[in-house]
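Data first, discussion second: the structure below is written as structure tokens.
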Amino acid sequence: MTLRCTRCGSTFPLYPPRDKCQKCGGALEYKINLSRSRKIKFSGEMRFWRYKTLLPPVQNAISLREGGTLLHKAERLAESIGLKELYLKDETRNPTNSFRDRAAALLTSNAVDLECDTLICATNGNLGASLAAYSAKAGLICHVIVPKLVDVGKLAQMLIYDAVIEEFGEIVDESIHRAEALEKETGWYQATAELNPLVIEAQKTIAYEVYEQFGVPNWFITSMGSGGTIHSVWKGFKELKQLGMTESLPKMIGVQLEGCAPIVKTFSEKRSKQAKISKPSTHALAVLVANPLQGEFAIKAIKESKGLALTVSDSESFNAELQIAKLEGMFAEPASSATIAALKKLVDEEIGKNESVVCLITGSGLKATDVLQALTKKHKTAGLGLELSTKEKMLRILSRKDTYGYDLWKKLGKTMTRAAIYQHLNELLERGLIVAYEKEGRKYLKITKRGQRALLAIQELKVLL
Ligand SMILES: [Zn+2]
């Protein structure tokens, strides 16, 4: 294992981990000696440390039982999108409910090995929450720098795990500069994702797990903030190939939100230099990064894998979030829901119906501020008038299963006269939102495509109100 410059090839001591080459300023990366002759056998429990033979060496392995997360077969979601095989890598199941627990396990272990007592980390949220928990476990002090815009749930986690929290800058780019300066001043352990190449090593284990749980999918979709995650997963799959464990590799798809898409812009405009975003904005705070420090890595992963980069809007991602929750029972954060929003745009065009797809669900929606706000608002404004809400309830019932008038009346709690029920049904029939057919001597009702669209529109409206 070496720590090597990706530009000039110079090598450096493995630790302390540093991000830049002292000779040319290029990015540093850990490289393991991989060859087909090296027989690797993963052993132990299906958790993060199962892969320690392919990670930079550690003496004191800190763990809260991270990794080994479920690869969720999303059958209902797949059907609604028109795809045969869709899996969600459910990283919300980690100890602090995000994929960053993998990185926190490796970083705190390394800090303990190096006898550092304080970690510093600039973060959009998830890594801060993870590091705060793991630092608590390891008895370290965790100094977190967060921008003004940060998800409240993540902030609550940092607080409860007793991190020292400093607010600096509007968005995370500014917090990162502060973390760099503070490291120089104090000599604290640098645990910011963009400044510590161990993070890439930790996150690549997601690829190993997917490989063990399913194999290599045709496509792997992830959202992009700094660009480090897509690069990590791609590195993981490539290493498996170098070891001769697989012949195939996935095509990598990187997704960003329209209001903050510097990597997609750089990629699609074939720029040689990173595009700058002057006024970035998205509700997916986890990927609100104006100047992605690992954008080059991300673009390399997409190009090498013959993958794609695309944007989705905030509302497309929010709708996807509702869909993931309703069809699969999973509460994903906005940044990860963007992967499903992107997938919907690509099925039939770029992605074939019979191809396998894995989407990375990086963290839990419970942590995100605006999701919580939207849902409480939704609760408050649930009555868009009684008329609409009865019809909406009927459409909802019919969207699950065809049924007949009397059954609908029962399912609505028998609160209305049956005449009123039939009045509503007639109006829905007239508008083409439902159709009727005969079965077993009964008049059954069925929601139409138009009806399904109307139902989605109603739900979206409520969120916006
Ligand atoms: Zn160099």
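Labels used: A, B, ... for chains in the order of the structure tokens, numbers from 1 for residues in each chain, and numbers from 1 for ligands as shown.
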
Near-Thr186 of chain A list (12 Å; only C-alpha atoms; drop same-chain fewer than 3 positions) as an NGL selection string: :A and (116-120 or 143 or 179-183 or 189-190)

Within-7 Å residues of ligand 1, basis only C-alpha atoms and all ligand atoms, as a PyMOL selection string: chain A and resi 5-10+21-26

Helix (DSSP H, G or I) residues, from DSSP on the backbone, in segment 158-406 of chain A, as number ranges by chain: A: 158-160, 172-186, 193-195, 198-203, 205-213, 228-242, 262-268, 285-287, 295-304, 314-328, 334-346, 365-367, 369-380, 386-400, 405-406

Residue nearest Glu296 of chain A among A:Glu174, A:Pro13, A:Lys391, A:Met224 (counting only C-alpha atoms):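 Answer, going by the shortest atom-to-atom distance: A:Met224.
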
For Asn97 of chain A, the nearest of the candidates A:Glu66, A:Glu247, A:Glu170, A:Glu209, counting only C-alpha atoms: A:Glu66

Atom pair atom CA of Ala419 of chain A / atom CA of Gln452 of chain A: separation (Å): 24.4 Å

Near-segment 394-396 of chain A list (8 Å; only C-alpha atoms; drop same-chain fewer than 3 positions) as a list in words: Thr390, Lys391, Ser399, Arg400, Leu408, Leu412, Ile447, Gly451, Gln452 and Leu455 of chain A

Proximity to Thr192 of chain A - best of A:Gly153, A:Gly215, A:Gly128, A:Gly254, only C-alpha atoms: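 Using only C-alpha atoms, Thr192 of chain A sits closest to A:Gly128.
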